[in-house]
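Heads up, structure-v4.txt below (compact mmCIF, C-alpha atoms):
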# COMPACT_ATOMS: atom_id res chain seq x y z
CA MET L 50 0.00 0.00 0.00
CA LYS L 51 2.74 2.39 0.96
CA ARG L 52 4.42 2.01 -2.44
CA GLY L 53 1.17 2.70 -4.27
CA VAL L 54 1.23 -0.60 -6.16
CA PHE L 55 -2.55 -0.80 -5.82
CA PRO L 56 -3.96 2.74 -6.07
CA GLY L 57 -7.00 2.96 -3.85
CA GLY L 58 -5.89 0.13 -1.59
CA CYS L 59 -6.04 -3.62 -1.54
CA PHE L 60 -8.26 -4.92 -4.33
CA PHE L 61 -9.28 -7.97 -2.31
CA ALA L 62 -10.23 -5.91 0.74
CA ALA L 63 -12.44 -3.65 -1.39
CA ALA L 64 -13.90 -6.56 -3.35
CA SER L 65 -14.55 -8.53 -0.17
CA PHE L 66 -16.63 -5.71 1.26
CA GLU L 67 -18.38 -5.08 -2.05
CA PHE L 68 -19.37 -8.70 -2.75
CA ASP L 69 -19.64 -10.40 0.65
CA GLY L 70 -23.43 -10.09 0.72
CA ARG L 71 -23.98 -11.09 -2.91
CA SER L 72 -24.03 -14.38 -4.74
CA GLY L 73 -22.47 -15.39 -8.01
CA PRO L 74 -19.16 -16.25 -9.64
CA VAL L 75 -17.39 -12.98 -8.73
CA ARG L 76 -18.20 -13.44 -5.04
CA ASP L 77 -17.14 -17.10 -5.27
CA ALA L 78 -13.77 -16.15 -6.82
CA ILE L 79 -13.14 -13.53 -4.14
CA GLU L 80 -14.08 -16.01 -1.43
CA GLU L 81 -11.65 -18.56 -2.85
CA ALA L 82 -8.83 -16.00 -3.03
CA MET L 83 -9.48 -14.91 0.55
CA ASN L 84 -9.62 -18.54 1.72
CA VAL L 85 -6.17 -19.07 0.18
CA TRP L 86 -4.92 -15.88 1.89
CA MET L 87 -6.28 -16.92 5.29
CA GLY L 88 -4.97 -20.45 4.79
CA SER L 89 -1.51 -19.05 4.10
CA ILE L 90 -1.52 -17.10 7.36
CA GLU L 91 -2.82 -20.13 9.27
CA LYS L 92 -0.10 -22.31 7.72
CA ALA L 93 2.62 -19.83 8.73
CA VAL L 94 1.32 -19.81 12.32
CA GLN L 95 1.12 -23.61 12.37
CA MET L 96 4.69 -23.85 11.08
CA ALA L 97 5.85 -21.51 13.85
CA LYS L 98 4.05 -23.72 16.39
CA ASP L 99 5.53 -26.90 14.91
CA GLU L 100 9.03 -25.42 15.09
CA GLY L 101 8.55 -24.47 18.74
CA HIS L 102 8.49 -20.70 18.23
CA LEU L 103 4.91 -20.21 19.40
CA ASP L 104 2.99 -21.56 22.36
CA PRO L 105 1.48 -24.98 21.50
CA LYS L 106 -1.95 -23.71 22.61
CA VAL L 107 -2.03 -21.02 19.89
CA ASP L 108 -5.03 -21.32 17.56
CA PRO L 109 -3.80 -20.60 13.99
CA GLN L 110 -7.32 -19.71 12.82
CA GLN L 111 -7.66 -17.12 15.58
CA ILE L 112 -4.30 -15.53 14.81
CA ALA L 113 -5.06 -15.50 11.07
CA PHE L 114 -8.36 -13.75 11.82
CA GLU L 115 -6.60 -11.13 13.94
CA VAL L 116 -3.80 -10.50 11.43
CA ASN L 117 -6.28 -10.18 8.57
CA ALA L 118 -8.44 -7.81 10.62
CA LEU L 119 -5.39 -5.63 11.25
CA PHE L 120 -4.51 -5.64 7.54
CA PHE L 121 -8.04 -4.67 6.58
CA GLY L 122 -8.11 -1.99 9.26
CA ALA L 123 -4.81 -0.56 8.07
CA ASN L 124 -6.06 -0.54 4.47
CA PHE L 125 -9.19 1.38 5.52
CA ALA L 126 -7.32 3.88 7.70
CA TYR L 127 -4.54 4.45 5.18
CA HIS L 128 -6.80 5.11 2.22
CA LEU L 129 -10.09 6.44 3.54
CA ARG L 130 -8.84 8.32 6.58
CA LYS L 131 -5.45 9.23 5.04
CA ASP L 132 -3.74 7.99 8.21
CA LYS L 133 -0.16 7.55 7.02
CA ARG L 134 0.78 5.90 10.34
CA SER L 135 -1.83 3.15 9.99
CA LEU L 136 0.55 0.71 8.30
CA GLU L 137 3.08 1.16 11.08
CA ARG L 138 0.33 0.82 13.67
CA ALA L 139 -0.78 -2.49 12.12
CA ARG L 140 2.81 -3.77 12.00
CA ILE L 141 3.32 -2.91 15.67
CA ALA L 142 0.03 -4.54 16.66
CA ILE L 143 0.89 -7.74 14.81
CA GLU L 144 4.39 -7.87 16.29
CA GLN L 145 3.05 -7.29 19.81
CA ARG L 146 0.41 -9.99 19.39
CA LEU L 147 2.94 -12.52 18.12
CA GLU L 148 5.47 -11.57 20.79
CA GLY L 149 2.88 -12.48 23.41
CA LEU L 150 2.58 -15.95 21.90
CA ARG L 151 6.27 -16.78 21.70
CA VAL L 152 7.69 -19.70 23.64
CA ARG L 153 10.23 -18.43 26.15
CA PRO L 154 13.02 -20.25 27.95
CA ALA L 155 12.17 -21.13 31.54
CA GLY L 156 12.65 -18.22 33.92
CA ARG L 157 12.52 -15.53 31.24
CA SER L 158 9.33 -13.53 30.78
CA ARG L 159 10.59 -11.46 27.82
CA PRO L 160 13.53 -12.04 25.52
CA ALA L 161 16.51 -9.77 26.03
CA ARG L 162 16.95 -7.27 23.20
CA SER L 163 20.32 -8.78 22.31
CA ALA L 164 18.69 -12.22 22.07
CA ARG L 165 16.22 -11.15 19.39
CA PRO L 166 17.19 -12.38 15.94
CA ARG L 167 18.28 -9.72 13.50
CA SER L 168 17.35 -10.06 9.87
CA THR L 169 19.98 -9.54 7.23
CA ARG L 170 17.28 -8.93 4.64
CA ALA L 171 15.83 -5.57 3.85
CA PRO L 172 12.49 -5.10 5.67
CA ARG L 173 9.38 -5.99 3.68
CA ARG L 174 7.14 -3.14 2.82
CA ALA L 175 3.36 -3.32 3.14
This entry written out as structure tokens:
Amino acid sequence: MKRGVFPGGCFFAAASFEFDGRSGPVRDAIEEAMNVWMGSIEKAVQMAKDEGHLDPKVDPQQIAFEVNALFFGANFAYHLRKDKRSLERARIAIEQRLEGLRVRPAGRSRPARSARPRSTRAPRRA
């Protein structure tokens, strides 16, 4: 969104709101695309659980719902309300939510800053 790849915001967010109460092949195609999107988020959460990064009690469907809701909220705020900080707000909210689900070594409530992994890749843009 920030790079303006999709002027007017996320096509699928707009189409989801436009067609969610309708029937027909366009709605069905949007539903399928959104099911794939949600499934991808759920799979990523499940992989993090399987690798021991997230609490085993984490519900991937719940986290996918929350992440998608934050994406949709950021899309709305960024485009309709012209809130240029909305993308950063969504990123922070997602990171805070996931941080609360991380598995921590015994005796440590929060990871030390120096213990947090540092990416060598350039940060992904929304």
Centre, x/y/z edge lengths, axis-aligned box for stretch 135-149 of chain L with 3 Å per side, as AutoDock Vina command-line options:
--center_x 1.8 --center_y -4.7 --center_z 15.9 --size_x 13.3 --size_y 21.7 --size_z 21.1
query = Within 10 Å of L:Cys59, counting all atoms listed in the file, which residues qualify if same-chain residues fewer than 5 places away don't, as an NGL selection string?
reply = :L and (50 or 53-54 or 64-65 or 120-121 or 124-125 or 128)
message = Which residues are near stretch 75-85 of chain L? Cut-off 10 Å, all atoms listed in the file, ignore same chain within fewer than 2 positions. Put them as a PyMOL selection string.
response = chain L and resi 60-62+64-65+67-73+87-91+117
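For the choices L:Lys98, L:Ala142, L:Pro74, L:Lys133, the atom-to-atom distance to L:Arg52 is smallest for L:Lys133 when using all atoms listed in the file.
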request  = Mind giving me the straight-line distance from atom CA of L:Tyr127 to atom CA of L:Phe114 in Å, one decimal?
outcome  = 19.7 Å
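Relative to atom CA of L:Val152, atom CA of L:Leu103 is found at 5.1 Å.
Atom CA of L:Arg138 sits 27.0 Å away from atom CA of L:Pro105.
When all atoms listed in the file are used to compute distances to L:Glu137, the closest of the residues L:Gln110, L:Val94, L:Ala123, L:Arg151 turns out to be L:Ala123.
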key: Point (5.8, -14.8, 23.7) neighbourhood (9 Å, all atoms listed in the file) written as a ChimeraX atom specification   = /L:102-104,145-153,158-160
Could stretch 97-132 of chain L be completed with N, CA and C atoms and written as a JSON list (two decimals), in the frame of the given file, please?
[["chain", "number", "residue", "atom", "x", "y", "z"],
["L", 97, "ALA", "N", 5.16, -22.09, 12.69],
["L", 97, "ALA", "CA", 5.85, -21.51, 13.85],
["L", 97, "ALA", "C", 5.59, -22.33, 15.10],
["L", 98, "LYS", "N", 4.37, -22.83, 15.25],
["L", 98, "LYS", "CA", 4.05, -23.72, 16.39],
["L", 98, "LYS", "C", 4.86, -25.00, 16.30],
["L", 99, "ASP", "N", 4.85, -25.62, 15.11],
["L", 99, "ASP", "CA", 5.53, -26.90, 14.91],
["L", 99, "ASP", "C", 7.03, -26.79, 15.17],
["L", 100, "GLU", "N", 7.60, -25.63, 14.88],
["L", 100, "GLU", "CA", 9.03, -25.42, 15.09],
["L", 100, "GLU", "C", 9.35, -24.95, 16.51],
["L", 101, "GLY", "N", 8.33, -24.82, 17.35],
["L", 101, "GLY", "CA", 8.55, -24.47, 18.74],
["L", 101, "GLY", "C", 8.71, -22.98, 19.00],
["L", 102, "HIS", "N", 8.36, -22.14, 18.03],
["L", 102, "HIS", "CA", 8.49, -20.70, 18.23],
["L", 102, "HIS", "C", 7.29, -20.09, 18.94],
["L", 103, "LEU", "N", 6.13, -20.72, 18.79],
["L", 103, "LEU", "CA", 4.91, -20.21, 19.40],
["L", 103, "LEU", "C", 4.35, -21.23, 20.38],
["L", 104, "ASP", "N", 3.65, -20.73, 21.35],
["L", 104, "ASP", "CA", 2.99, -21.56, 22.36],
["L", 104, "ASP", "C", 2.15, -22.64, 21.67],
["L", 105, "PRO", "N", 2.24, -23.89, 22.12],
["L", 105, "PRO", "CA", 1.48, -24.98, 21.50],
["L", 105, "PRO", "C", -0.04, -24.78, 21.56],
["L", 106, "LYS", "N", -0.50, -23.94, 22.47],
["L", 106, "LYS", "CA", -1.95, -23.71, 22.61],
["L", 106, "LYS", "C", -2.49, -22.69, 21.61],
["L", 107, "VAL", "N", -1.61, -22.06, 20.85],
["L", 107, "VAL", "CA", -2.03, -21.02, 19.89],
["L", 107, "VAL", "C", -2.98, -21.63, 18.86],
["L", 108, "ASP", "N", -4.05, -20.91, 18.58],
["L", 108, "ASP", "CA", -5.03, -21.32, 17.56],
["L", 108, "ASP", "C", -4.70, -20.58, 16.26],
["L", 109, "PRO", "N", -4.17, -21.27, 15.25],
["L", 109, "PRO", "CA", -3.80, -20.60, 13.99],
["L", 109, "PRO", "C", -4.96, -19.86, 13.33],
["L", 110, "GLN", "N", -6.17, -20.39, 13.42],
["L", 110, "GLN", "CA", -7.32, -19.71, 12.82],
["L", 110, "GLN", "C", -7.59, -18.38, 13.53],
["L", 111, "GLN", "N", -7.44, -18.35, 14.83],
["L", 111, "GLN", "CA", -7.66, -17.12, 15.58],
["L", 111, "GLN", "C", -6.62, -16.07, 15.21],
["L", 112, "ILE", "N", -5.36, -16.48, 15.15],
["L", 112, "ILE", "CA", -4.30, -15.53, 14.81],
["L", 112, "ILE", "C", -4.46, -15.04, 13.37],
["L", 113, "ALA", "N", -4.83, -15.92, 12.45],
["L", 113, "ALA", "CA", -5.06, -15.50, 11.07],
["L", 113, "ALA", "C", -6.19, -14.47, 11.01],
["L", 114, "PHE", "N", -7.25, -14.70, 11.77],
["L", 114, "PHE", "CA", -8.36, -13.75, 11.82],
["L", 114, "PHE", "C", -7.87, -12.39, 12.30],
["L", 115, "GLU", "N", -7.08, -12.38, 13.38],
["L", 115, "GLU", "CA", -6.60, -11.13, 13.94],
["L", 115, "GLU", "C", -5.66, -10.40, 12.99],
["L", 116, "VAL", "N", -4.74, -11.12, 12.37],
["L", 116, "VAL", "CA", -3.80, -10.50, 11.43],
["L", 116, "VAL", "C", -4.55, -9.92, 10.24],
["L", 117, "ASN", "N", -5.49, -10.68, 9.70],
["L", 117, "ASN", "CA", -6.28, -10.18, 8.57],
["L", 117, "ASN", "C", -7.09, -8.95, 8.97],
["L", 118, "ALA", "N", -7.67, -8.96, 10.15],
["L", 118, "ALA", "CA", -8.44, -7.81, 10.62],
["L", 118, "ALA", "C", -7.54, -6.57, 10.72],
["L", 119, "LEU", "N", -6.33, -6.76, 11.17],
["L", 119, "LEU", "CA", -5.39, -5.63, 11.25],
["L", 119, "LEU", "C", -5.01, -5.14, 9.86],
["L", 120, "PHE", "N", -4.80, -6.05, 8.92],
["L", 120, "PHE", "CA", -4.51, -5.64, 7.54],
["L", 120, "PHE", "C", -5.67, -4.85, 6.95],
["L", 121, "PHE", "N", -6.88, -5.37, 7.13],
["L", 121, "PHE", "CA", -8.04, -4.67, 6.58],
["L", 121, "PHE", "C", -8.23, -3.31, 7.25],
["L", 122, "GLY", "N", -8.01, -3.26, 8.55],
["L", 122, "GLY", "CA", -8.11, -1.99, 9.26],
["L", 122, "GLY", "C", -7.08, -0.98, 8.80],
["L", 123, "ALA", "N", -5.87, -1.45, 8.56],
["L", 123, "ALA", "CA", -4.81, -0.56, 8.07],
["L", 123, "ALA", "C", -5.14, -0.06, 6.67],
["L", 124, "ASN", "N", -5.67, -0.93, 5.82],
["L", 124, "ASN", "CA", -6.06, -0.54, 4.47],
["L", 124, "ASN", "C", -7.11, 0.57, 4.53],
["L", 125, "PHE", "N", -8.13, 0.38, 5.35],
["L", 125, "PHE", "CA", -9.19, 1.38, 5.52],
["L", 125, "PHE", "C", -8.63, 2.71, 6.02],
["L", 126, "ALA", "N", -7.84, 2.64, 7.08],
["L", 126, "ALA", "CA", -7.32, 3.88, 7.70],
["L", 126, "ALA", "C", -6.35, 4.60, 6.76],
["L", 127, "TYR", "N", -5.54, 3.85, 6.06],
["L", 127, "TYR", "CA", -4.54, 4.45, 5.18],
["L", 127, "TYR", "C", -5.20, 5.16, 4.00],
["L", 128, "HIS", "N", -6.20, 4.54, 3.42],
["L", 128, "HIS", "CA", -6.80, 5.11, 2.22],
["L", 128, "HIS", "C", -7.98, 6.03, 2.50],
["L", 129, "LEU", "N", -8.90, 5.62, 3.31],
["L", 129, "LEU", "CA", -10.09, 6.44, 3.54],
["L", 129, "LEU", "C", -9.82, 7.58, 4.50],
["L", 130, "ARG", "N", -9.10, 7.30, 5.56],
["L", 130, "ARG", "CA", -8.84, 8.32, 6.58],
["L", 130, "ARG", "C", -7.52, 9.05, 6.35],
["L", 131, "LYS", "N", -6.74, 8.61, 5.37],
["L", 131, "LYS", "CA", -5.45, 9.23, 5.04],
["L", 131, "LYS", "C", -4.49, 9.21, 6.24],
["L", 132, "ASP", "N", -4.59, 8.16, 7.04],
["L", 132, "ASP", "CA", -3.74, 7.99, 8.21],
["L", 132, "ASP", "C", -2.44, 7.30, 7.76]]
